[in-house]
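A.B. asks: File upload_33.csv follows (CSV, C-alpha atoms):
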```csv
chain,number,residue,atom,x,y,z
K,1,MET,CA,-22.2,-13.6,-10.0
K,2,ARG,CA,-20.7,-13.4,-13.5
K,3,THR,CA,-17.6,-11.4,-14.0
K,4,VAL,CA,-19.3,-9.1,-16.6
K,5,ASP,CA,-22.0,-8.3,-14.0
K,6,LEU,CA,-19.4,-7.5,-11.4
K,7,ILE,CA,-17.7,-5.2,-13.8
K,8,GLU,CA,-21.0,-3.4,-14.5
K,9,LEU,CA,-21.5,-3.0,-10.8
K,10,LEU,CA,-17.9,-1.6,-10.2
K,11,ALA,CA,-18.3,0.8,-13.1
K,12,ARG,CA,-21.3,2.4,-11.3
K,13,ASP,CA,-19.1,3.3,-8.4
K,14,THR,CA,-17.1,6.0,-10.2
K,15,ARG,CA,-16.6,9.4,-8.7
K,16,ALA,CA,-13.7,11.7,-9.5
K,17,ARG,CA,-10.8,10.6,-7.2
K,18,PRO,CA,-8.2,13.1,-5.8
K,19,PRO,CA,-4.8,12.7,-7.3
K,20,ARG,CA,-1.7,11.9,-5.2
K,21,ALA,CA,-3.8,10.1,-2.6
K,22,THR,CA,-0.8,7.9,-1.5
K,23,ALA,CA,1.3,10.9,-0.4
K,24,ALA,CA,-1.7,12.7,1.1
K,25,ARG,CA,-2.7,9.7,3.3
K,26,LEU,CA,0.8,8.9,4.5
K,27,LEU,CA,1.4,12.6,5.4
K,28,THR,CA,-2.0,12.7,7.3
K,29,ALA,CA,-1.0,9.6,9.2
K,30,LEU,CA,2.4,11.2,10.1
K,31,ALA,CA,0.7,14.3,11.2
K,32,ALA,CA,-1.8,12.5,13.4
K,33,GLY,CA,0.6,10.0,14.9
K,34,GLY,CA,3.2,12.7,15.3
K,35,ALA,CA,0.8,14.9,17.1
K,36,LEU,CA,0.0,12.2,19.6
K,37,THR,CA,3.7,11.4,20.2
K,38,LEU,CA,4.5,15.2,20.5
K,39,ALA,CA,1.8,15.5,23.2
K,40,VAL,CA,3.4,12.6,25.1
K,41,VAL,CA,6.8,14.2,24.8
K,42,VAL,CA,5.6,17.7,25.9
K,43,LEU,CA,3.2,16.6,28.6
K,44,GLY,CA,4.7,13.4,29.8
K,45,LEU,CA,8.5,13.8,29.4
K,46,HIS,CA,8.7,17.7,29.3
K,47,CYS,CA,10.9,19.6,26.9
K,48,GLN,CA,14.4,20.7,27.8
K,49,PRO,CA,14.9,24.5,27.9
K,50,LEU,CA,14.5,25.0,24.1
K,51,GLN,CA,15.6,28.6,23.8
K,52,GLN,CA,19.0,27.7,25.0
K,53,ALA,CA,19.2,24.3,23.3
K,54,ALA,CA,18.2,25.8,19.9
K,55,ARG,CA,21.4,27.9,19.9
K,56,GLN,CA,23.6,24.8,20.2
K,57,PRO,CA,25.0,22.9,17.3
K,58,TRP,CA,24.4,19.5,18.9
K,59,PHE,CA,20.7,20.2,19.1
K,60,TRP,CA,20.6,20.7,15.3
K,61,MET,CA,23.0,17.7,14.7
K,62,LYS,CA,20.3,15.5,16.4
K,63,ALA,CA,17.4,17.1,14.6
K,64,GLY,CA,19.2,17.0,11.3
K,65,TYR,CA,20.0,13.3,11.6
K,66,THR,CA,16.6,12.2,12.6
K,67,GLY,CA,14.8,14.7,10.4
K,68,VAL,CA,16.6,13.7,7.2
K,69,LEU,CA,16.1,10.1,8.1
K,70,THR,CA,12.4,10.7,8.5
K,71,VAL,CA,12.2,12.3,5.0
K,72,ALA,CA,14.2,9.6,3.3
K,73,ALA,CA,12.2,6.9,5.0
K,74,ALA,CA,8.9,8.5,4.1
K,75,VAL,CA,9.9,8.8,0.5
K,76,THR,CA,10.7,5.1,0.4
K,77,LEU,CA,7.5,4.3,2.1
K,78,ARG,CA,5.4,6.2,-0.5
K,79,ARG,CA,7.0,4.1,-3.2
K,80,LEU,CA,6.4,0.9,-1.3
K,81,ALA,CA,2.8,1.8,-0.8
K,82,ALA,CA,2.0,2.0,-4.5
K,83,PRO,CA,2.0,-1.3,-6.4
K,84,GLY,CA,4.7,-1.7,-9.0
K,85,THR,CA,6.7,1.4,-8.2
K,86,ARG,CA,10.4,1.2,-8.3
K,87,LEU,CA,12.3,2.2,-5.2
K,88,ARG,CA,15.2,3.7,-7.2
K,89,THR,CA,17.8,5.4,-5.0
K,90,SER,CA,15.7,5.9,-1.8
K,91,PRO,CA,17.0,2.8,0.0
K,92,LEU,CA,20.6,4.0,-0.8
K,93,ALA,CA,19.8,7.5,0.6
K,94,LEU,CA,18.5,5.8,3.8
K,95,THR,CA,21.7,3.8,4.1
K,96,LEU,CA,23.9,6.8,3.5
K,97,VAL,CA,22.2,8.8,6.2
K,98,LEU,CA,22.7,6.0,8.7
K,99,LEU,CA,26.3,5.4,7.7
K,100,ALA,CA,27.1,9.2,7.9
K,101,MET,CA,25.8,9.3,11.5
K,102,LEU,CA,27.7,6.2,12.5
K,103,ALA,CA,30.9,7.7,11.0
K,104,LEU,CA,30.3,10.9,12.9
K,105,GLY,CA,29.8,9.1,16.2
K,106,ALA,CA,32.9,6.8,15.6
K,107,GLY,CA,35.0,9.9,14.7
K,108,GLN,CA,34.0,11.6,17.8
K,109,LEU,CA,34.9,8.6,20.0
K,110,LEU,CA,38.3,8.3,18.2
K,111,ALA,CA,39.0,12.0,18.8
K,112,THR,CA,38.2,11.6,22.5
K,113,ALA,CA,40.9,10.5,25.1
K,114,PRO,CA,40.3,6.8,25.9
K,115,ALA,CA,39.5,7.6,29.5
K,116,GLY,CA,36.5,9.7,28.5
K,117,ARG,CA,35.0,7.5,25.8
K,118,LEU,CA,32.7,5.4,27.9
K,119,ALA,CA,31.1,8.5,29.6
K,120,LEU,CA,30.7,10.2,26.2
K,121,TRP,CA,29.1,7.1,24.7
K,122,LEU,CA,26.7,6.3,27.5
K,123,GLY,CA,25.8,9.8,28.4
K,124,GLN,CA,23.3,10.1,31.3
K,125,THR,CA,20.3,8.4,29.7
K,126,TRP,CA,21.5,5.5,27.5
K,127,LYS,CA,19.3,3.0,29.4
K,128,VAL,CA,16.0,4.8,28.6
K,129,CYS,CA,16.8,6.4,25.3
K,130,SER,CA,16.2,3.5,22.9
K,131,PRO,CA,13.2,2.1,24.7
K,132,LEU,CA,11.5,5.5,24.9
K,133,ILE,CA,12.1,6.1,21.1
K,134,LEU,CA,10.5,2.7,20.4
K,135,LEU,CA,7.5,3.5,22.6
K,136,LEU,CA,7.1,6.9,21.1
K,137,ALA,CA,7.2,5.4,17.6
K,138,LEU,CA,4.2,3.1,18.3
K,139,PRO,CA,1.4,5.8,17.8
K,140,ILE,CA,3.0,6.9,14.6
K,141,TYR,CA,3.4,3.3,13.4
K,142,ALA,CA,-0.2,2.6,14.2
K,143,ALA,CA,-1.4,5.6,12.2
K,144,LEU,CA,0.8,4.6,9.2
K,145,VAL,CA,-0.6,1.1,9.3
K,146,VAL,CA,-4.2,2.5,9.2
K,147,ALA,CA,-3.2,4.6,6.1
K,148,LEU,CA,-1.3,1.8,4.4
K,149,ARG,CA,-4.3,-0.6,4.7
K,150,THR,CA,-6.3,1.8,2.6
K,151,LEU,CA,-3.5,1.7,0.0
K,152,ALA,CA,-2.1,-1.4,-1.7
K,153,PRO,CA,1.4,-2.4,-0.5
K,154,THR,CA,2.5,-5.6,-2.2
K,155,ARG,CA,5.9,-6.1,-0.4
K,156,LEU,CA,4.6,-6.5,3.1
K,157,PRO,CA,7.7,-7.1,5.3
K,158,GLN,CA,9.6,-4.4,3.5
K,159,THR,CA,6.7,-1.9,3.8
K,160,GLY,CA,6.3,-2.8,7.5
K,161,ALA,CA,10.0,-2.3,8.1
K,162,VAL,CA,10.1,1.1,6.4
K,163,ALA,CA,6.9,2.2,8.1
K,164,GLY,CA,8.5,1.3,11.4
K,165,LEU,CA,11.7,3.1,10.4
K,166,THR,CA,9.7,6.3,9.4
K,167,ALA,CA,7.8,6.1,12.7
K,168,GLY,CA,11.1,5.6,14.7
K,169,ALA,CA,12.9,8.5,13.0
K,170,LEU,CA,10.0,10.9,13.5
K,171,ALA,CA,9.6,9.7,17.1
K,172,ALA,CA,13.4,10.3,17.7
K,173,THR,CA,13.1,13.8,16.2
K,174,LEU,CA,10.3,14.6,18.7
K,175,TYR,CA,12.2,12.9,21.5
K,176,GLY,CA,15.1,15.4,20.8
K,177,LEU,CA,12.9,18.1,22.2
K,178,HIS,CA,13.2,16.4,25.6
K,179,CYS,CA,16.6,14.6,25.4
K,180,PRO,CA,19.5,16.7,26.7
K,181,GLU,CA,22.2,14.4,25.4
K,182,GLN,CA,24.8,16.2,23.2
K,183,ALA,CA,27.3,13.6,22.0
K,184,ALA,CA,27.2,12.4,18.3
K,185,ALA,CA,28.5,9.0,19.6
K,186,PHE,CA,25.4,8.8,21.9
K,187,VAL,CA,23.0,9.7,19.1
K,188,ALA,CA,24.6,7.4,16.6
K,189,THR,CA,24.2,4.5,19.0
K,190,TRP,CA,21.1,4.9,21.2
K,191,TYR,CA,18.9,6.9,18.8
K,192,THR,CA,19.7,4.6,16.0
K,193,LEU,CA,19.1,1.5,18.1
K,194,GLY,CA,15.6,2.8,19.0
K,195,ILE,CA,14.8,3.6,15.4
K,196,VAL,CA,16.1,0.2,14.2
K,197,ALA,CA,14.0,-1.5,16.9
K,198,ALA,CA,10.9,0.3,15.5
K,199,ALA,CA,11.8,-0.9,12.0
K,200,ALA,CA,12.2,-4.5,13.3
K,201,VAL,CA,8.7,-4.3,14.9
K,202,GLY,CA,7.4,-3.1,11.5
K,203,ALA,CA,9.1,-5.9,9.6
K,204,LEU,CA,7.7,-8.6,12.0
K,205,THR,CA,4.1,-7.2,12.2
K,206,GLY,CA,3.8,-5.8,8.7
K,207,ARG,CA,3.2,-9.3,7.2
K,208,TRP,CA,0.0,-9.6,9.2
K,209,LEU,CA,-1.1,-6.1,9.8
K,210,LEU,CA,-0.8,-4.9,6.2
K,211,ARG,CA,-2.5,-7.7,4.4
K,212,TRP,CA,-5.4,-6.7,2.2
C,1,MET,CA,29.0,-10.3,-49.9
C,2,PRO,CA,28.1,-13.0,-47.3
C,3,GLU,CA,24.5,-13.1,-46.3
C,4,MET,CA,23.7,-11.4,-43.1
C,5,ALA,CA,22.9,-13.8,-40.4
C,6,VAL,CA,19.2,-13.5,-39.5
C,7,PRO,CA,18.6,-14.2,-35.8
C,8,ALA,CA,16.4,-17.3,-35.4
C,9,GLN,CA,14.1,-15.3,-33.2
C,10,ALA,CA,13.8,-11.6,-33.5
C,11,SER,CA,13.7,-9.6,-30.4
C,12,PRO,CA,10.3,-10.1,-28.6
C,13,VAL,CA,7.7,-8.0,-30.2
C,14,GLU,CA,6.2,-5.4,-27.9
C,15,PRO,CA,2.4,-5.9,-28.3
C,16,THR,CA,2.0,-4.2,-24.9
C,17,SER,CA,3.0,-0.6,-25.6
C,18,ASP,CA,-0.3,0.2,-27.4
C,19,ALA,CA,-2.3,-1.7,-24.8
C,20,GLU,CA,-0.4,0.2,-22.1
C,21,ALA,CA,-1.2,3.6,-23.6
C,22,ARG,CA,-4.8,2.7,-24.0
C,23,LEU,CA,-5.2,1.2,-20.5
C,24,ARG,CA,-3.5,4.2,-18.9
C,25,THR,CA,-5.7,6.6,-20.7
C,26,LEU,CA,-8.8,4.7,-19.6
C,27,MET,CA,-7.5,4.5,-16.0
C,28,ILE,CA,-6.9,8.2,-15.7
C,29,ARG,CA,-10.2,9.1,-17.3
C,30,GLY,CA,-11.9,6.7,-14.9
C,31,LEU,CA,-10.1,8.3,-11.9
C,32,GLU,CA,-11.5,11.6,-13.2
C,33,GLY,CA,-15.0,10.2,-12.9
C,34,ASP,CA,-15.6,8.9,-16.4
C,35,SER,CA,-17.6,5.7,-15.8
C,36,VAL,CA,-17.6,4.6,-19.4
C,37,ALA,CA,-13.8,4.7,-19.4
C,38,HIS,CA,-13.7,2.8,-16.2
C,39,LEU,CA,-16.1,0.1,-17.6
C,40,ALA,CA,-13.9,-0.3,-20.7
C,41,LEU,CA,-10.8,-0.5,-18.5
C,42,LEU,CA,-12.2,-3.3,-16.3
C,43,ARG,CA,-13.5,-5.2,-19.3
C,44,THR,CA,-10.1,-5.1,-21.1
C,45,LEU,CA,-8.3,-5.9,-17.9
C,46,SER,CA,-10.5,-8.9,-17.1
C,47,GLY,CA,-9.4,-10.6,-20.3
C,48,HIS,CA,-5.7,-10.0,-19.5
C,49,LEU,CA,-6.1,-11.1,-15.9
C,50,ARG,CA,-7.8,-14.3,-17.0
C,51,GLY,CA,-5.0,-15.1,-19.4
C,52,TYR,CA,-2.4,-14.4,-16.8
C,53,PHE,CA,-4.0,-16.5,-14.0
C,54,ALA,CA,-4.9,-19.3,-16.4
C,55,ARG,CA,-1.2,-19.6,-17.5
C,56,ARG,CA,-0.3,-20.0,-13.8
C,57,LEU,CA,-3.1,-22.2,-12.5
C,58,GLY,CA,-4.4,-24.0,-15.6
C,59,THR,CA,-7.1,-23.0,-17.9
C,60,GLY,CA,-10.7,-23.6,-16.9
C,61,THR,CA,-10.1,-24.1,-13.2
C,62,SER,CA,-12.7,-22.4,-11.1
C,63,GLU,CA,-9.9,-20.6,-9.1
C,64,VAL,CA,-9.1,-18.6,-12.2
C,65,GLU,CA,-12.4,-16.8,-12.5
C,66,ASP,CA,-12.4,-16.3,-8.7
C,67,LEU,CA,-9.1,-14.6,-8.9
C,68,VAL,CA,-10.2,-12.5,-11.8
C,69,GLN,CA,-13.1,-11.2,-9.8
C,70,GLU,CA,-11.1,-10.7,-6.7
C,71,THR,CA,-8.4,-8.8,-8.5
C,72,LEU,CA,-11.0,-6.6,-10.4
C,73,LEU,CA,-12.5,-5.7,-7.0
C,74,ALA,CA,-9.1,-4.9,-5.7
C,75,VAL,CA,-8.1,-2.8,-8.8
C,76,HIS,CA,-11.3,-0.9,-8.3
C,77,LEU,CA,-11.2,-0.4,-4.5
C,78,LYS,CA,-7.4,0.4,-4.5
C,79,ARG,CA,-7.3,2.7,-7.5
C,80,ASP,CA,-6.4,5.7,-5.4
C,81,SER,CA,-2.9,4.1,-5.0
C,82,TYR,CA,-2.2,4.5,-8.7
C,83,ASP,CA,0.1,7.4,-9.5
C,84,ARG,CA,-1.1,9.0,-12.7
C,85,SER,CA,2.4,10.0,-13.7
C,86,LEU,CA,3.5,6.4,-13.9
C,87,PRO,CA,2.8,3.6,-16.4
C,88,PHE,CA,-0.4,1.6,-15.6
C,89,THR,CA,0.7,-2.0,-16.4
C,90,PRO,CA,3.3,-2.4,-13.6
C,91,TRP,CA,0.7,-1.2,-11.1
C,92,ALA,CA,-1.9,-3.7,-12.3
C,93,TYR,CA,0.6,-6.5,-12.6
C,94,ALA,CA,1.8,-5.9,-9.0
C,95,ILE,CA,-1.8,-6.2,-7.8
C,96,ALA,CA,-2.5,-9.3,-9.9
C,97,ARG,CA,0.7,-11.0,-8.7
C,98,TYR,CA,-0.1,-10.1,-5.1
C,99,LYS,CA,-3.5,-11.6,-5.4
C,100,LEU,CA,-2.1,-14.8,-7.0
C,101,PHE,CA,0.5,-15.1,-4.3
C,102,ASP,CA,-2.1,-14.5,-1.6
C,103,HIS,CA,-4.4,-17.1,-3.1
C,104,LEU,CA,-1.6,-19.7,-3.2
C,105,ARG,CA,-0.5,-18.9,0.3
C,106,ARG,CA,-4.1,-19.4,1.6
C,107,ARG,CA,-4.1,-22.9,0.2
C,108,HIS,CA,-0.8,-23.6,2.0
C,109,ARG,CA,0.8,-24.3,-1.2
C,110,GLN,CA,4.4,-23.4,-1.4
C,111,VAL,CA,4.4,-22.1,-4.9
C,112,HIS,CA,6.8,-19.6,-6.1
C,113,VAL,CA,5.4,-16.8,-8.1
C,114,PRO,CA,8.1,-15.5,-10.3
C,115,LEU,CA,8.6,-11.8,-10.7
C,116,GLU,CA,8.3,-11.3,-14.4
C,117,ASP,CA,8.3,-8.2,-16.6
C,118,ALA,CA,5.0,-6.4,-16.0
C,119,GLY,CA,4.2,-6.7,-19.7
C,120,THR,CA,3.5,-10.5,-19.2
C,121,LEU,CA,0.2,-9.3,-17.8
C,122,LEU,CA,-0.9,-8.1,-21.2
C,123,ALA,CA,0.7,-11.0,-23.2
C,124,VAL,CA,-2.4,-13.3,-23.3
C,125,GLU,CA,-6.0,-12.3,-23.4
C,126,ASP,CA,-8.8,-14.7,-22.6
C,127,THR,CA,-12.3,-13.3,-22.9
C,128,GLU,CA,-14.0,-16.7,-22.3
C,129,GLU,CA,-15.5,-16.4,-18.9
C,130,GLY,CA,-15.1,-19.5,-16.7
C,131,ALA,CA,-17.2,-20.7,-13.8
C,132,VAL,CA,-16.7,-19.3,-10.3
C,133,ARG,CA,-16.3,-21.2,-7.1
C,134,THR,CA,-16.9,-18.3,-4.7
C,135,ASP,CA,-20.3,-17.0,-5.4
C,136,LEU,CA,-20.7,-13.3,-4.8
C,137,GLU,CA,-24.4,-13.7,-5.4
C,138,ARG,CA,-24.7,-15.8,-2.3
C,139,MET,CA,-22.7,-13.3,-0.3
C,140,LEU,CA,-24.9,-10.4,-1.4
C,141,GLN,CA,-27.9,-12.2,0.2
C,142,ARG,CA,-26.3,-11.4,3.6
C,143,LEU,CA,-26.3,-7.7,3.0
C,144,PRO,CA,-28.6,-5.5,5.2
C,145,PRO,CA,-32.0,-5.1,3.4
C,146,ARG,CA,-31.6,-1.4,2.5
C,147,GLN,CA,-28.3,-2.0,0.8
C,148,ARG,CA,-29.5,-5.1,-0.9
C,149,SER,CA,-32.6,-3.6,-2.4
C,150,LEU,CA,-30.6,-0.6,-3.7
C,151,LEU,CA,-28.1,-3.0,-5.2
C,152,GLU,CA,-30.9,-5.0,-6.8
C,153,ASP,CA,-32.3,-1.9,-8.4
C,154,VAL,CA,-29.0,-1.2,-10.0
C,155,ARG,CA,-28.0,-4.7,-10.9
C,156,LEU,CA,-31.2,-6.5,-11.8
C,157,HIS,CA,-33.4,-3.6,-12.9
C,158,GLY,CA,-30.5,-1.7,-14.6
C,159,LEU,CA,-31.3,1.6,-12.9
C,160,SER,CA,-28.7,4.3,-12.6
C,161,ILE,CA,-27.6,5.3,-9.1
C,162,GLU,CA,-29.7,8.4,-9.4
C,163,GLU,CA,-32.8,6.5,-10.4
C,164,ALA,CA,-32.3,3.9,-7.7
C,165,ALA,CA,-31.8,6.6,-5.1
C,166,ARG,CA,-35.1,8.2,-6.2
C,167,HIS,CA,-36.8,4.9,-6.2
C,168,ARG,CA,-35.7,4.1,-2.6
C,169,GLY,CA,-36.1,7.6,-1.3
C,170,VAL,CA,-32.5,8.4,-0.5
C,171,SER,CA,-30.3,11.1,-1.7
C,172,PRO,CA,-28.0,10.3,-4.7
C,173,VAL,CA,-25.0,11.0,-2.5
C,174,SER,CA,-25.9,8.5,0.1
C,175,ALA,CA,-26.9,6.0,-2.6
C,176,ARG,CA,-23.3,6.3,-4.0
C,177,VAL,CA,-21.8,6.0,-0.5
C,178,MET,CA,-24.0,2.9,0.1
C,179,LEU,CA,-22.8,1.3,-3.2
C,180,HIS,CA,-19.2,2.0,-2.3
C,181,ARG,CA,-19.6,0.5,1.2
C,182,THR,CA,-21.3,-2.5,-0.3
C,183,LEU,CA,-18.3,-3.2,-2.6
C,184,LYS,CA,-15.9,-2.8,0.3
C,185,TRP,CA,-18.1,-5.1,2.4
C,186,LEU,CA,-18.0,-7.6,-0.5
C,187,ASN,CA,-14.3,-7.5,-0.6
C,188,ARG,CA,-14.1,-8.2,3.2
C,189,ALA,CA,-16.7,-11.0,3.0
C,190,TRP,CA,-14.7,-12.6,0.3
C,191,HIS,CA,-11.5,-12.6,2.4
C,192,ASP,CA,-13.3,-14.1,5.4
C,193,GLU,CA,-14.8,-16.8,3.3
C,194,ASN,CA,-11.5,-17.8,1.7
C,195,ARG,CA,-9.3,-17.4,4.8
```
Please go through the file and, once you have read it, give me the structure as C-alpha cells.

C.D. replies:
Amino acid sequence: MRTVDLIELLARDTRARPPRATAARLLTALAAGGALTLAVVVLGLHCQPLQQAARQPWFWMKAGYTGVLTVAAAVTLRRLAAPGTRLRTSPLALTLVLLAMLALGAGQLLATAPAGRLALWLGQTWKVCSPLILLLALPIYAALVVALRTLAPTRLPQTGAVAGLTAGALAATLYGLHCPEQAAAFVATWYTLGIVAAAAVGALTGRWLLRW
Amino acid sequence: MPEMAVPAQASPVEPTSDAEARLRTLMIRGLEGDSVAHLALLRTLSGHLRGYFARRLGTGTSEVEDLVQETLLAVHLKRDSYDRSLPFTPWAYAIARYKLFDHLRRRHRQVHVPLEDAGTLLAVEDTEEGAVRTDLERMLQRLPPRQRSLLEDVRLHGLSIEEAARHRGVSPVSARVMLHRTLKWLNRAWHDENR
C-alpha cells in the first residue's frame, strides 16, 4: 500500500477524542488495581482497629509517607507515558520524599538507647512486611501496564520502574490499614524495601511488557 | 571604527517554529474530530518523517518508507497520548525516534540513535514516496471478510464511512468501530511480521 493511501485511510478514522486521556487512563488503572489490592488487605489480611489507629500520629506518618510517594510517582509516570514530555522536577520530588523518610527513621534510631534499637527497627513483622507490599503491588502494576500499553511510553525501563514504584507506594498505603507497626525506622526500612522491590520488578519487566 | 566581526555562521535559523504552530493546530483540530485537519497533519508529517529516517538510514532504502508508514500508524493510534497544552513536535519526534530505535533493535544492529533537538524532525522534508518492503496490502488480505469488504468500499471505491456502512448494512457507529479495529489489527500484524 502506498503511503498516501494509508494516510487517506487513517484520516477516515477521526472521531473527537477526549482530552487528558493519559491522566484519565492511569487514574482508572490505579483505582482498579487499588480496589483489588484493598480487597486482599481487608478480606485476606484484615484491618487493624482503625478507629483507634486513626487517632495516632504514627498511623498518619505511615499514610503520609506512602501517600505522598504515590502522588509524586504517579505525576512522574504521567510524564513518562506521554512521548517527548520533560520530567522536570518530579524525580527530584520523589527522591526528596524517600530521603526525608530515611532521615526520619535514622533520627529515631539515633534518639533511641542502643539496647532498644534492634527491637525498634525490626518490630514484630519485618520478615513479612516487604514481601507482602511487593505482592500487593502486583495487581496495581498489572493494571498500570495495561493502561500504559494503550499510551506511548518511549523510555521503557524508566517507565516500568516508575510504574512499579507507583504500584508499590499505593500498595504500601493500603497495607498500612493492616500493619500495626509504629516506628518510623521500621517504615523507612521495610516499607521502602518493598516499594523499591516493586520498582525493580517494573524496571526489569517494563522493557518487554511495555513495548508497542 | 573597526568593523564589527560578523560571525561566520549565524545562529541556526528556526524554520521550525512556523511548522510547529501549524502542525499543533492541525493536531488539535484532528483530535476534536476534524478529519480534513487530520489528513493535512499526516500528509505534512509524512514528508518530515521521510526526511528524518532517510538521513539516518540512507535515502531510497525500502526501510525508510516502511518506517514512515509504521510511524504514521503509531501517530494515529497513539494520538490520545498527546497533551494539547504542550508543543507538538517533541511528541512526534519522540515517537519517530522510538520507532527508529525499535526498528534497528529488531535487526540486531547495535546502532545508537542520538537524542537530538526535537526540531530536527522538521529540518528536512521529502515528499518523494519510496518503495515499501512490508506490504500492508498483502496483510489486509488476511482480514476477516466483513472487515475487508468494508475497507475496500472505503479505500478502493472511495465511499465515506457512512456510505460504506449503508452499503454493507451496518450502523455508521459499528462501521467506525470496525475501521478503528482494522487499523489496530494492522499495527499488530505489522509487528508480528517484523519481529

A.B. asks: Leaving out Cys179 of chain K and any residue of its chain fewer than 2 positions from it, which residues lie within 12 Å of it when counting only C-alpha atoms, given as a PyMOL selection string?

C.D. replies: chain K and resi 41-42+45-50+53+58-59+62-63+123-126+128-130+132-133+171-177+181-183+186-187+190-191

A.B. asks: List every residue of chain K that has an atom at most 8 Å from any atom of chain C, giving for each one its closest atom pair and the distance in Å to one decimal, counting only C-alpha atoms, sorted by chain and then by ascending residue number, as a tab-separated table.

C.D. replies:
```
residue	atom	partner	partner_atom	distance
K:Met1	CA	C:Glu137	CA	5.1
K:Arg2	CA	C:Val132	CA	7.8
K:Thr3	CA	C:Gln69	CA	6.2
K:Val4	CA	C:Arg43	CA	7.5
K:Asp5	CA	C:Arg155	CA	7.7
K:Leu6	CA	C:Gln69	CA	7.5
K:Ile7	CA	C:Leu42	CA	6.3
K:Glu8	CA	C:Leu39	CA	6.8
K:Leu9	CA	C:Arg155	CA	6.7
K:Leu10	CA	C:His76	CA	6.9
K:Ala11	CA	C:Leu39	CA	5.1
K:Arg12	CA	C:Ser35	CA	6.7
K:Asp13	CA	C:His180	CA	6.2
K:Thr14	CA	C:Gly33	CA	5.4
K:Arg15	CA	C:Gly33	CA	4.6
K:Ala16	CA	C:Gly33	CA	3.9
K:Arg17	CA	C:Leu31	CA	5.3
K:Pro18	CA	C:Asp80	CA	7.6
K:Pro19	CA	C:Asp80	CA	7.4
K:Arg20	CA	C:Asp83	CA	6.5
K:Ala21	CA	C:Asp80	CA	5.8
K:Thr22	CA	C:Ser81	CA	5.6
K:Ala81	CA	C:Ser81	CA	7.4
K:Ala82	CA	C:Ser81	CA	5.4
K:Pro83	CA	C:Trp91	CA	4.9
K:Gly84	CA	C:Trp91	CA	4.5
K:Thr85	CA	C:Trp91	CA	7.2
K:Thr150	CA	C:Lys78	CA	7.3
K:Leu151	CA	C:Ser81	CA	5.6
K:Ala152	CA	C:Lys78	CA	6.3
K:Thr154	CA	C:Tyr98	CA	6.0
```

A.B. asks: Residues near Ala93 of chain K, anyone? I mean within 12 Å using all atoms listed in the file, not counting same-chain ones fewer than 5 positions away, as a PyMOL selection string.

C.D. replies: chain K and resi 68-76+87-88+98-100

A.B. asks: Between atom CA of Thr66 of chain K and atom CA of Leu170 of chain K, measure the distance and give it in Å to one decimal.

C.D. replies: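 Calculated distance between atom CA of Thr66 of chain K and atom CA of Leu170 of chain K is 6.8 Å.
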
A.B. asks: Would you work out the distance separating atom CA of Val170 of chain C from atom CA of Leu143 of chain C, expressed in Å to one decimal?

C.D. replies: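 Interatomic distance, atom CA of Val170 of chain C to atom CA of Leu143 of chain C: 17.6 Å.
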
A.B. asks: For atom CA of Ala119 of chain K and atom CA of Ala169 of chain K, determine how far apart the two atoms are, in Å to one decimal place.

C.D. replies: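 Pair atom CA of Ala119 of chain K / atom CA of Ala169 of chain K returns 24.6 Å.
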